[in-house]
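Novice: Next up, input-v2.txt (compact mmCIF, C-alpha atoms).
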```
# COMPACT_ATOMS: atom_id res chain seq x y z
CA MET A 1 86.05 -55.62 -70.24
CA THR A 2 87.10 -52.25 -68.81
CA GLY A 3 90.49 -51.34 -70.14
CA GLU A 4 92.66 -48.45 -68.97
CA ASP A 5 91.95 -46.57 -72.18
CA VAL A 6 88.28 -45.96 -71.36
CA PRO A 7 88.01 -42.22 -70.69
CA ILE A 8 85.91 -41.16 -67.73
CA GLY A 9 83.85 -37.97 -67.83
CA GLU A 10 83.37 -35.57 -64.94
CA ASP A 11 79.62 -35.96 -65.47
CA GLU A 12 80.01 -39.69 -64.95
CA LEU A 13 81.91 -39.07 -61.73
CA GLN A 14 79.06 -36.87 -60.51
CA ALA A 15 76.49 -39.47 -61.51
CA PHE A 16 78.62 -42.00 -59.63
CA VAL A 17 78.56 -39.78 -56.52
CA ASP A 18 74.79 -39.58 -56.91
CA GLU A 19 74.54 -43.36 -57.32
CA ARG A 20 72.91 -42.87 -60.70
CA LEU A 21 75.45 -44.75 -62.78
CA ASP A 22 74.61 -48.31 -63.74
CA GLY A 23 76.00 -51.13 -65.79
CA PRO A 24 79.28 -51.01 -67.66
CA ARG A 25 79.90 -47.30 -67.07
CA ARG A 26 79.69 -47.82 -63.33
CA ASP A 27 82.20 -50.65 -63.62
CA ALA A 28 84.42 -48.42 -65.73
CA VAL A 29 84.35 -45.64 -63.14
CA GLU A 30 85.09 -48.06 -60.32
CA ALA A 31 87.99 -49.53 -62.23
CA HIS A 32 89.28 -46.06 -62.98
CA LEU A 33 89.03 -45.03 -59.33
CA ALA A 34 90.82 -48.19 -58.28
CA ARG A 35 93.79 -47.08 -60.36
CA HIS A 36 93.74 -43.45 -59.19
CA PRO A 37 93.88 -43.24 -55.37
CA GLU A 38 93.75 -39.44 -55.23
CA LEU A 39 90.61 -39.25 -57.34
CA ARG A 40 89.18 -42.16 -55.37
CA GLU A 41 89.73 -40.18 -52.20
CA ARG A 42 88.00 -37.12 -53.65
CA ILE A 43 85.00 -39.06 -54.88
CA ALA A 44 84.71 -40.92 -51.57
CA ALA A 45 84.72 -37.59 -49.70
CA GLU A 46 82.03 -36.22 -52.01
CA ARG A 47 79.91 -39.28 -51.43
CA ARG A 48 80.35 -38.98 -47.66
CA GLN A 49 79.34 -35.34 -47.74
CA ARG A 50 76.31 -36.09 -49.87
CA ALA A 51 75.28 -38.81 -47.41
CA SER A 52 75.95 -36.52 -44.44
CA LEU A 53 73.82 -33.75 -45.94
CA ARG A 54 70.99 -36.19 -46.58
CA ALA A 55 71.21 -37.58 -43.06
CA GLN A 56 71.31 -34.15 -41.42
CA LEU A 57 68.24 -33.02 -43.36
CA GLN A 58 66.27 -36.25 -43.16
CA GLY A 59 64.65 -35.25 -39.87
CA LYS A 60 63.31 -32.03 -41.37
CA ALA A 61 61.30 -33.86 -44.02
CA ALA A 62 60.04 -36.33 -41.43
CA GLU A 63 58.45 -33.58 -39.32
CA PRO A 64 54.67 -33.39 -39.44
CA ILE A 65 53.41 -30.53 -41.60
CA PRO A 66 52.63 -27.49 -39.43
CA ALA A 67 48.94 -26.57 -39.41
CA ARG A 68 49.57 -23.23 -41.05
CA LEU A 69 51.05 -24.95 -44.09
CA ARG A 70 48.17 -27.35 -44.66
CA ILE A 71 46.60 -26.67 -48.04
CA ALA A 72 43.13 -26.60 -46.51
CA THR A 73 44.28 -23.85 -44.10
CA LEU A 74 45.84 -21.84 -46.90
CA GLN A 75 42.79 -22.24 -49.10
CA ALA A 76 40.48 -21.13 -46.29
CA ALA A 77 42.67 -18.05 -45.68
CA ARG A 78 42.69 -17.37 -49.40
CA ARG A 79 38.91 -17.62 -49.60
CA ALA A 80 38.59 -15.32 -46.59
CA ARG A 81 40.89 -12.79 -48.27
CA LEU A 82 38.87 -12.91 -51.47
CA ALA A 83 35.64 -12.57 -49.50
CA ARG A 84 37.06 -9.60 -47.61
CA ARG A 85 38.02 -7.99 -50.89
CA MET A 86 34.51 -8.59 -52.21
CA CYS A 87 33.14 -7.01 -49.01
CA LEU A 88 35.32 -3.96 -49.55
CA ILE A 89 34.09 -3.66 -53.11
CA ALA A 90 30.52 -4.08 -51.93
CA ALA A 91 31.09 -1.47 -49.22
CA ALA A 92 32.55 0.94 -51.76
CA VAL A 93 29.53 0.40 -53.99
CA ALA A 94 27.22 0.93 -51.02
CA ILE A 95 28.96 4.17 -50.08
CA PHE A 96 28.68 5.33 -53.64
CA VAL A 97 24.99 4.50 -53.72
CA VAL A 98 24.34 6.12 -50.32
CA GLY A 99 26.34 9.15 -51.41
CA GLY A 100 24.33 9.32 -54.57
CA SER A 101 20.96 9.07 -52.86
CA ALA A 102 22.07 11.49 -50.12
CA GLY A 103 22.62 13.90 -52.95
CA TRP A 104 19.10 13.29 -54.14
CA PHE A 105 17.70 13.81 -50.65
CA ALA A 106 19.75 16.94 -50.12
CA ASN A 107 18.34 18.16 -53.36
CA GLY A 108 14.86 17.53 -52.03
CA LEU A 109 15.68 19.35 -48.81
CA ARG A 110 16.36 22.59 -50.59
CA PRO A 111 12.87 23.96 -51.05
CA ALA A 112 13.20 27.71 -50.56
CA GLN A 113 15.16 28.40 -53.72
CA PRO A 114 13.75 29.87 -56.84
CA VAL A 115 14.01 26.76 -58.94
CA LEU A 116 13.21 26.79 -62.63
CA THR A 117 13.72 23.08 -63.09
CA ALA A 118 14.85 20.75 -60.32
CA GLN A 119 17.34 18.32 -61.81
CA ALA A 120 20.03 16.74 -59.67
CA PRO A 121 22.84 16.80 -62.26
CA THR A 122 22.22 20.48 -62.91
CA THR A 123 22.33 21.09 -59.16
CA ALA A 124 25.73 19.51 -59.00
CA ILE A 125 26.92 21.59 -61.94
CA ALA A 126 25.54 24.77 -60.41
CA GLN A 127 27.13 24.03 -57.06
CA GLY A 128 30.46 23.18 -58.61
CA ALA A 129 30.34 26.34 -60.66
CA ALA A 130 29.38 28.50 -57.69
CA ALA A 131 32.15 27.01 -55.55
CA ALA A 132 34.71 27.60 -58.28
CA TYR A 133 33.38 31.12 -58.76
CA ARG A 134 33.69 31.92 -55.04
CA THR A 135 37.21 30.54 -54.97
CA PHE A 136 38.68 32.29 -57.95
CA VAL A 137 36.64 35.40 -58.61
CA VAL A 138 38.22 37.11 -55.60
CA GLU A 139 41.72 36.28 -56.83
CA VAL A 140 43.65 39.39 -57.71
CA ALA A 141 47.05 37.90 -58.51
CA HIS A 142 45.99 34.68 -60.23
CA PRO A 143 42.36 34.77 -61.24
CA VAL A 144 43.16 32.56 -64.21
CA GLU A 145 45.67 29.86 -64.89
CA VAL A 146 46.16 30.71 -68.54
CA GLY A 147 45.53 34.26 -69.65
CA VAL A 148 43.62 35.47 -72.65
CA ALA A 149 46.88 36.32 -74.41
CA GLN A 150 47.12 32.60 -75.05
CA GLU A 151 43.47 32.13 -75.86
CA THR A 152 44.03 29.55 -78.60
CA HIS A 153 46.28 27.50 -76.39
CA LEU A 154 43.89 27.90 -73.46
CA LEU A 155 40.89 26.64 -75.40
CA GLN A 156 42.81 23.77 -76.99
CA TRP A 157 44.13 22.71 -73.61
CA LEU A 158 40.77 22.87 -71.85
CA SER A 159 39.02 21.18 -74.79
CA LYS A 160 41.50 18.34 -74.71
CA ARG A 161 41.14 17.81 -70.98
CA LEU A 162 37.36 18.06 -71.10
CA GLY A 163 36.94 15.89 -74.13
CA HIS A 164 34.70 18.61 -75.54
CA LYS A 165 35.47 21.27 -78.06
CA LEU A 166 35.26 24.43 -76.04
CA GLU A 167 34.84 27.86 -77.58
CA ALA A 168 34.87 31.02 -75.54
CA PRO A 169 31.59 32.80 -76.19
CA ASP A 170 31.87 36.46 -77.06
CA LEU A 171 30.22 38.34 -74.21
CA ALA A 172 31.32 41.81 -75.38
CA PRO A 173 27.66 42.77 -76.02
CA PHE A 174 27.18 42.43 -72.26
CA GLY A 175 30.32 44.33 -71.43
CA TYR A 176 32.35 41.27 -70.42
CA ARG A 177 35.70 40.40 -71.93
CA LEU A 178 37.57 37.11 -71.55
CA MET A 179 40.39 37.08 -68.97
CA GLY A 180 41.47 33.47 -69.29
CA GLY A 181 40.69 30.15 -67.75
CA ARG A 182 41.74 27.28 -65.60
CA LEU A 183 41.31 23.57 -65.14
CA LEU A 184 39.57 22.23 -62.02
CA PRO A 185 38.61 18.87 -60.63
CA GLY A 186 34.96 18.29 -61.38
CA GLY A 187 32.73 15.25 -61.03
CA ARG A 188 34.34 12.23 -62.64
CA GLY A 189 36.95 14.18 -64.51
CA ALA A 190 38.03 17.71 -65.18
CA ALA A 191 36.09 20.93 -65.23
CA ALA A 192 37.03 24.05 -67.11
CA GLN A 193 36.41 27.55 -65.90
CA LEU A 194 36.54 30.56 -68.22
CA MET A 195 36.59 33.90 -66.50
CA TYR A 196 35.30 37.19 -67.87
CA GLU A 197 35.50 40.68 -66.46
CA ASP A 198 33.66 43.89 -67.26
CA SER A 199 35.08 47.40 -67.19
CA ALA A 200 34.08 47.85 -63.57
CA GLY A 201 36.02 44.71 -62.56
CA LYS A 202 32.88 42.61 -62.09
CA ARG A 203 33.60 39.02 -62.91
CA LEU A 204 31.63 36.29 -64.61
CA THR A 205 32.55 32.66 -65.07
CA LEU A 206 31.56 29.98 -67.48
CA TYR A 207 31.98 26.51 -66.00
CA VAL A 208 31.94 23.31 -68.09
CA ARG A 209 32.30 19.66 -67.20
CA ALA A 210 31.08 16.26 -68.29
CA ALA A 211 27.66 15.38 -66.85
CA ASP A 212 24.99 12.76 -67.23
CA GLY A 213 22.00 13.70 -69.31
CA THR A 214 21.32 14.98 -72.76
CA GLU A 215 19.40 18.19 -72.28
CA THR A 216 17.77 20.04 -69.45
CA ALA A 217 16.20 23.41 -68.95
CA PHE A 218 18.05 26.19 -67.17
CA ARG A 219 18.42 25.88 -63.45
CA PHE A 220 18.89 29.02 -61.44
CA GLN A 221 20.68 29.13 -58.14
CA GLN A 222 21.56 32.01 -55.88
CA GLU A 223 24.31 31.63 -53.31
CA GLY A 224 25.05 34.86 -51.52
CA ASP A 225 25.84 37.42 -54.19
CA ALA A 226 26.61 34.82 -56.80
CA ALA A 227 23.88 33.90 -59.22
CA THR A 228 24.21 30.81 -61.41
CA PHE A 229 22.36 29.47 -64.40
CA ALA A 230 23.19 25.83 -65.10
CA TRP A 231 22.08 23.43 -67.79
CA ILE A 232 23.08 20.18 -69.40
CA ASP A 233 23.53 19.76 -73.08
CA GLN A 234 24.63 16.55 -74.83
CA GLY A 235 26.61 15.05 -71.98
CA PHE A 236 28.12 18.27 -70.71
CA GLY A 237 27.05 20.52 -67.91
CA PHE A 238 27.41 24.30 -68.30
CA ALA A 239 27.03 27.05 -65.76
CA VAL A 240 27.25 30.81 -65.98
CA THR A 241 27.94 32.49 -62.66
CA ALA A 242 28.20 36.17 -61.84
CA THR A 243 27.53 38.68 -59.11
CA ALA A 244 24.30 39.73 -60.71
CA SER A 245 20.58 39.45 -60.43
CA ARG A 246 18.66 36.71 -62.11
CA GLU A 247 17.26 39.18 -64.64
CA GLU A 248 20.73 40.46 -65.51
CA LEU A 249 22.20 37.00 -65.85
CA LEU A 250 19.46 35.24 -67.83
CA PRO A 251 20.14 36.92 -71.20
CA ILE A 252 23.85 36.21 -70.81
CA ALA A 253 23.15 32.55 -70.05
CA GLU A 254 20.90 32.36 -73.09
CA ALA A 255 23.56 33.89 -75.28
CA VAL A 256 26.13 31.44 -73.95
CA TYR A 257 23.74 28.55 -74.47
CA LYS A 258 23.18 29.55 -78.09
CA GLY A 259 26.86 30.15 -78.66
CA LEU A 260 27.99 26.92 -77.03
CA THR A 261 25.62 24.46 -78.64
CA PRO A 262 28.05 21.61 -79.29
CA LYS A 263 29.03 21.05 -82.85
CA GLY A 264 29.71 17.46 -83.77
CA MET B 1 39.64 -44.47 -74.84
CA PRO B 2 36.20 -42.93 -75.01
CA ALA B 3 35.75 -42.75 -71.24
CA GLY B 4 38.00 -39.68 -71.18
CA VAL B 5 39.81 -38.49 -68.10
CA PRO B 6 39.88 -41.15 -65.39
CA PHE B 7 38.11 -40.20 -62.19
CA PRO B 8 41.10 -40.00 -59.81
CA ARG B 9 42.94 -37.59 -62.10
CA LEU B 10 39.88 -35.39 -62.36
CA ARG B 11 39.67 -35.28 -58.59
CA ALA B 12 43.32 -34.40 -58.28
CA MET B 13 42.94 -31.54 -60.73
CA ALA B 14 40.06 -30.17 -58.72
CA ASP B 15 41.87 -30.47 -55.41
CA PRO B 16 45.36 -28.92 -55.32
CA GLY B 17 45.77 -30.18 -51.76
CA ALA B 18 46.01 -33.78 -52.91
CA LEU B 19 48.86 -32.89 -55.25
CA LEU B 20 50.64 -30.27 -53.16
CA GLU B 21 50.66 -31.78 -49.69
CA PRO B 22 52.90 -34.76 -50.48
CA LEU B 23 55.54 -32.25 -51.62
CA ILE B 24 55.43 -30.03 -48.53
CA PRO B 25 57.97 -32.03 -46.44
CA ALA B 26 60.55 -31.75 -49.22
CA LEU B 27 59.78 -28.04 -49.70
CA ARG B 28 60.30 -27.44 -45.98
CA ARG B 29 63.57 -29.31 -46.05
CA TYR B 30 64.85 -27.36 -49.06
CA ALA B 31 63.76 -24.04 -47.51
CA TYR B 32 65.38 -24.91 -44.19
CA ALA B 33 68.64 -25.93 -45.86
CA LEU B 34 68.68 -22.63 -47.75
CA LEU B 35 67.87 -20.44 -44.75
CA HIS B 36 69.12 -22.37 -41.68
CA ASP B 37 66.13 -20.98 -39.80
CA HIS B 38 63.04 -23.06 -39.08
CA ALA B 39 60.50 -20.23 -38.81
CA ALA B 40 61.85 -18.32 -41.82
CA ALA B 41 61.84 -21.57 -43.81
CA ASP B 42 58.17 -22.17 -43.05
CA ASP B 43 57.38 -18.58 -43.99
CA LEU B 44 59.07 -19.19 -47.32
CA VAL B 45 57.14 -22.42 -47.83
CA GLN B 46 53.89 -20.67 -46.97
CA ASP B 47 54.62 -17.92 -49.51
CA THR B 48 55.45 -20.60 -52.05
CA LEU B 49 52.21 -22.51 -51.48
CA GLU B 50 50.14 -19.33 -51.55
CA ARG B 51 51.67 -18.34 -54.84
CA ALA B 52 51.18 -21.86 -56.19
CA LEU B 53 47.50 -21.76 -55.23
CA SER B 54 47.00 -18.35 -56.79
CA ARG B 55 48.59 -19.56 -60.02
CA TRP B 56 47.13 -23.04 -59.89
CA SER B 57 44.80 -22.58 -62.83
CA SER B 58 47.50 -21.02 -65.02
CA ARG B 59 50.15 -23.70 -64.54
CA ARG B 60 51.03 -25.88 -67.49
CA PRO B 61 48.92 -29.03 -67.19
CA GLY B 62 51.71 -31.33 -68.43
CA GLY B 63 54.42 -29.60 -66.44
CA GLU B 64 56.32 -31.21 -63.61
CA LEU B 65 54.61 -30.07 -60.43
CA ARG B 66 57.63 -30.66 -58.22
CA ALA B 67 60.04 -28.65 -60.40
CA TRP B 68 57.41 -25.90 -60.69
CA LEU B 69 56.99 -25.64 -56.92
CA PHE B 70 60.70 -25.72 -56.14
CA ALA B 71 61.32 -23.06 -58.79
CA ILE B 72 58.67 -20.84 -57.16
CA LEU B 73 60.30 -21.32 -53.77
CA ARG B 74 63.77 -20.61 -55.11
CA ASN B 75 62.67 -17.49 -56.96
CA LEU B 76 60.89 -16.14 -53.88
CA HIS B 77 64.03 -16.84 -51.86
CA ILE B 78 66.27 -15.05 -54.36
CA ASP B 79 63.88 -12.08 -54.57
CA ALA B 80 63.79 -11.78 -50.78
CA TYR B 81 67.57 -11.91 -50.64
CA ARG B 82 67.87 -9.23 -53.30
CA GLN B 83 65.36 -7.09 -51.48
CA ALA B 84 67.22 -7.51 -48.19
CA ARG B 85 70.42 -6.42 -49.87
CA ARG B 86 68.76 -3.43 -51.48
CA HIS B 87 67.30 -2.31 -48.17
CA GLY B 88 70.50 -3.05 -46.31
CA THR B 89 70.82 -5.74 -43.68
CA GLU B 90 68.37 -5.51 -40.86
CA VAL B 91 70.63 -7.18 -38.32
CA GLU B 92 71.40 -5.14 -35.24
CA ILE B 93 75.00 -4.48 -34.26
CA ASP B 94 74.76 -6.51 -31.06
CA GLU B 95 73.44 -9.43 -32.98
CA VAL B 96 76.27 -9.27 -35.49
CA ASP B 97 78.86 -9.37 -32.73
CA HIS B 98 77.17 -12.28 -31.08
CA ARG B 99 76.90 -14.22 -34.30
CA GLU B 100 80.50 -13.60 -35.26
CA THR B 101 81.76 -14.79 -31.93
CA ALA B 102 79.60 -17.86 -32.12
CA THR B 103 80.83 -18.57 -35.62
CA ARG B 104 84.44 -18.34 -34.56
CA GLN B 105 83.92 -20.58 -31.54
CA GLU B 106 82.12 -23.18 -33.50
CA ALA B 107 84.26 -23.01 -36.59
CA ALA B 108 86.31 -26.02 -35.64
CA LEU B 109 83.25 -28.10 -34.86
CA GLU B 110 81.46 -27.02 -37.98
CA ALA B 111 84.38 -27.80 -40.25
CA ARG B 112 83.24 -31.39 -40.56
CA ASP B 113 79.58 -30.53 -40.71
CA ALA B 114 78.31 -30.67 -44.28
CA LEU B 115 75.13 -28.74 -43.53
CA ALA B 116 77.07 -25.92 -41.85
CA ALA B 117 79.57 -25.91 -44.70
CA LEU B 118 76.70 -25.61 -47.15
CA GLU B 119 75.86 -22.24 -45.64
CA GLN B 120 79.17 -20.88 -46.94
CA LEU B 121 78.23 -21.57 -50.54
CA PRO B 122 76.49 -19.18 -52.92
CA GLU B 123 72.79 -19.87 -53.41
CA GLU B 124 73.12 -21.58 -56.78
CA GLN B 125 75.67 -24.09 -55.51
CA LYS B 126 73.54 -24.71 -52.43
CA SER B 127 70.49 -25.35 -54.57
CA LEU B 128 72.39 -27.70 -56.86
CA LEU B 129 73.66 -29.82 -53.99
CA LEU B 130 70.26 -29.86 -52.31
CA LEU B 131 68.07 -30.55 -55.32
CA ILE B 132 70.29 -33.26 -56.74
CA GLY B 133 72.00 -34.66 -53.68
CA VAL B 134 69.13 -34.49 -51.18
CA GLU B 135 65.87 -34.16 -53.08
CA ASP B 136 66.92 -36.66 -55.76
CA PHE B 137 65.97 -34.37 -58.63
CA SER B 138 67.08 -35.63 -62.02
CA TYR B 139 69.69 -33.42 -63.69
CA GLU B 140 67.03 -32.32 -66.19
CA GLU B 141 64.62 -31.41 -63.40
CA ALA B 142 67.32 -29.45 -61.54
CA ALA B 143 68.21 -27.63 -64.76
CA ARG B 144 64.55 -26.60 -65.08
CA VAL B 145 64.39 -25.27 -61.52
CA LEU B 146 67.65 -23.33 -61.92
CA GLY B 147 66.83 -22.18 -65.43
CA VAL B 148 70.14 -23.33 -66.93
CA PRO B 149 71.06 -25.92 -69.58
CA ILE B 150 71.69 -29.44 -68.33
CA GLY B 151 75.37 -29.33 -69.33
CA THR B 152 75.78 -26.31 -67.10
CA VAL B 153 74.16 -28.23 -64.24
CA MET B 154 76.74 -31.01 -64.55
CA SER B 155 79.78 -28.73 -64.56
CA ARG B 156 78.44 -26.53 -61.78
CA LEU B 157 77.53 -29.55 -59.68
CA SER B 158 81.11 -30.74 -59.90
CA ARG B 159 82.42 -27.32 -58.86
CA ALA B 160 79.91 -27.07 -55.98
CA ARG B 161 80.98 -30.45 -54.60
CA GLN B 162 84.64 -29.54 -54.76
CA ARG B 163 83.96 -26.29 -52.97
CA LEU B 164 81.90 -28.00 -50.27
CA ARG B 165 84.63 -30.57 -49.78
CA SER B 166 87.21 -27.82 -49.44
CA ILE B 167 85.11 -26.08 -46.77
CA VAL B 168 84.47 -29.28 -44.86
CA GLU B 169 88.15 -30.24 -44.95
CA HIS B 170 89.80 -26.87 -44.37
CA GLY B 171 87.04 -24.78 -42.83
CA PRO B 172 85.60 -21.55 -44.14
CA VAL B 173 88.58 -19.47 -43.01
CA ALA B 174 91.00 -21.48 -45.09
CA LEU B 175 88.66 -21.17 -48.03
CA LEU B 176 88.50 -17.41 -47.65
CA ARG B 177 92.27 -17.25 -47.64
CA ARG B 178 92.46 -19.40 -50.71
CA VAL B 179 89.86 -17.34 -52.54
CA LYS B 180 91.98 -14.21 -51.95
```
Spell out the structure here as structure tokens.
Specialist:
Amino acid sequence: MTGEDVPIGEDELQAFVDERLDGPRRDAVEAHLARHPELRERIAAERRQRASLRAQLQGKAAEPIPARLRIATLQAARRARLARRMCLIAAAVAIFVVGGSAGWFANGLRPAQPVLTAQAPTTAIAQGAAAAYRTFVVEVAHPVEVGVAQETHLLQWLSKRLGHKLEAPDLAPFGYRLMGGRLLPGGRGAAAQLMYEDSAGKRLTLYVRAADGTETAFRFQQEGDAATFAWIDQGFGFAVTATASREELLPIAEAVYKGLTPKG
Amino acid sequence: MPAGVPFPRLRAMADPGALLEPLIPALRRYAYALLHDHAAADDLVQDTLERALSRWSSRRPGGELRAWLFAILRNLHIDAYRQARRHGTEVEIDEVDHRETATRQEAALEARDALAALEQLPEEQKSLLLLIGVEDFSYEEAARVLGVPIGTVMSRLSRARQRLRSIVEHGPVALLRRVK
């Protein structure tokens, strides 16, 4: 029995519109609607609109699936994308390898130089150092990024960026005093350059950056006026560069080597 | 049961196509009803399927596939709408004029057209009417797609239907006036 006192919920009306109401509750709603013409009208309209929406959209779901939306198509495209990405990675690796071996070959193609020990990583260090020397040693206004007045700060900063505790060797016995230093891009990370100057304004740089290898002998390189001694010690490459002869520079490089031997 | 996972289920797990393809017609219908543009709807469905494939292995094994897919589609749709708003509308002035004129001319015809009236509703009301009224989602399933409690679904469904009815009966202009 469905008496007038049975309250009807809005959720039941919605379920009725959706044809999801069964049994006694459906009867109750129908009885209620029969007694309330205005509500009956509203619910009838909502049912009509629901049916109209379904009918208007029925054709869309009946359409055959376009080829581009077939899962097999999408999977093939996805596989192709992944393969392309793998190709790019492989290409990048190949370029790296070619670049690396080109370096080795270039090293081999440099026969006329007075070489103490031919080691590719030291070559790279020496070249980096010489390039940095050429760039900044001629600077009058800004030869260094951080001046010697802030030596503590300078060395802390460069040490932090290098990942290596850097100390500025005392080159006063050779007539060179520290001017300051700067940070440079070098190899895989950062390189530090410390610049010294003697009383005549002649400049000398000490260049440090991370490098592969534990220990090598000195490598000498002459580029124009600039002479460089480079070596690798416990994962770091060092280079001393100055406008000097090999004989003038060697004792300085040895002093730096002794003074820079990494601690810890 | 010592035999473990039955063979057909194993196959279905390995092949997303077997599970996804039966749902594509409904996804296309939902996308079209949201966008009123066949090509844009298929773009949305394609994005949805691509995302579903890329996340296939990370989806909850017990989860409802249909609700999961429709939720992906809806979220992509909402994101695209937000992005379009952020970047400003990309409709040219000529096109706007043309569309406005067309809208005015067809307003009388469209007044009784439920699908056209649907376009006047905010996205959430559209989705409610489509998921429940057209796609036959259960109220629980719709609540999961919309990310709201089921009680909220019921009250919002009622409001959406009243609003649609008002648009169909009085046209969008009358509704605008009433909203003011």
Novice: Around the point (57.4, -22.8, -50.8) in the file's coordinates, collect all residues with an atom within 9 Å, using only C-alpha atoms, and return them as a ChimeraX atom specification.
Specialist: /B:24,27-28,30-31,41-52,69-74,76-77
Novice: I need the residue nearest chain A from this list: B:Val134, B:His170, B:Ser57, B:Val145. Use all atoms listed in the file for the distance.
Specialist: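 Checking each candidate against chain A, we get B:Val134 as the closest.
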Novice: Considering only C-alpha atoms, give me a table of residues in chain B that are at most 7 Å from chain A, with the closest atom pair and distance in Å for each, as a Markdown table.
Specialist:
```
| residue | atom | partner | partner_atom | distance |
| --- | --- | --- | --- | --- |
| B:Gly17 | CA | A:Ile71 | CA | 5.2 |
| B:Glu21 | CA | A:Ile71 | CA | 6.7 |
| B:Pro25 | CA | A:Ala61 | CA | 4.5 |
| B:Ala26 | CA | A:Ala61 | CA | 5.7 |
| B:Arg28 | CA | A:Ala61 | CA | 6.8 |
| B:Arg29 | CA | A:Lys60 | CA | 5.4 |
| B:Gln46 | CA | A:Leu69 | CA | 5.9 |
| B:Glu50 | CA | A:Leu74 | CA | 6.8 |
| B:Ala114 | CA | A:Leu53 | CA | 5.7 |
| B:Leu115 | CA | A:Leu53 | CA | 5.7 |
| B:Gly133 | CA | A:Arg50 | CA | 5.9 |
| B:Val134 | CA | A:Arg54 | CA | 5.2 |
| B:Met154 | CA | A:Asp11 | CA | 5.8 |
| B:Ser158 | CA | A:Gln14 | CA | 6.5 |
| B:Arg161 | CA | A:Glu46 | CA | 6.4 |
| B:Arg165 | CA | A:Glu46 | CA | 6.6 |
```
Novice: Find, counting only C-alpha atoms, the residue in A:Pro121, A:Gly9, A:Pro169, A:Gly163 that gets nearest to A:Glu254.
Specialist: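 Counting only C-alpha atoms, the residue closest to A:Glu254 is A:Pro169.
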Novice: Between atom CA of A:Arg203 and atom CA of A:Pro143, what is the distance in Å, rounded to a tenth?
Specialist: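 Spanning atom CA of A:Arg203 to atom CA of A:Pro143 is a straight-line distance of 9.9 Å.
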Novice: Just give me the gap between atom CA of A:Arg40 and atom CA of B:Ile150 in Å, one decimal is fine.
Specialist: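 The value is 25.2 Å.
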Novice: Around (81.9, -45.8, -57.5) in the file's frame, which residues reach within 7 Å when counting only C-alpha atoms? Return as a PyMOL selection string?
Specialist: chain A and resi 16-17+26+29-30
Novice: What is the distance between atom CA of A:Ala131 and atom CA of A:Arg177, in Å to one decimal?
Specialist: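 Distance between the two atoms: 21.5 Å.
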Novice: Which is closest to A:Asp198 among A:Gly175, A:Gly213, A:Pro185, A:Gly147, if we use all atoms listed in the file?
Specialist: A:Gly175
Novice: Within 12 Å of A:Lys202, counting only C-alpha atoms, which residues qualify if same-chain residues fewer than 3 places away don't, as number ranges by chain?
Specialist: A: 133, 137-138, 174-179, 195-199, 205, 225-226, 241-244
Novice: Using all atoms listed in the file, which of A:Ala67, A:Gly181, A:Gly224, A:Phe136 sits nearest A:Ala149?
Specialist: A:Gly181
Novice: Taking only C-alpha atoms into account, name the residue in B:Pro122, B:Trp56, B:Ile132, B:Glu169 that is nearest to B:Asp15.
Specialist: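 Smallest separation from B:Asp15 among the options: B:Trp56.
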Novice: Near A:Val256, within 9 Å and counting all atoms listed in the file, which residues show up once chain neighbours fewer than 3 positions away are dropped, as a list in words?
Specialist: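 Close residues of A:Val256: Ala168, Pro169, Asp170, Leu171, Leu206, Val240, Pro251, Ile252, Ala253, Gly259, Leu260 and Thr261 of chain A.
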Novice: I'd like the contact shell of A:Leu166 - 8 Å cut-off, only C-alpha atoms, skipping same-chain residues fewer than 6 positions apart - returned as a PyMOL selection string.
Specialist: chain A and resi 155-156+158-159+260
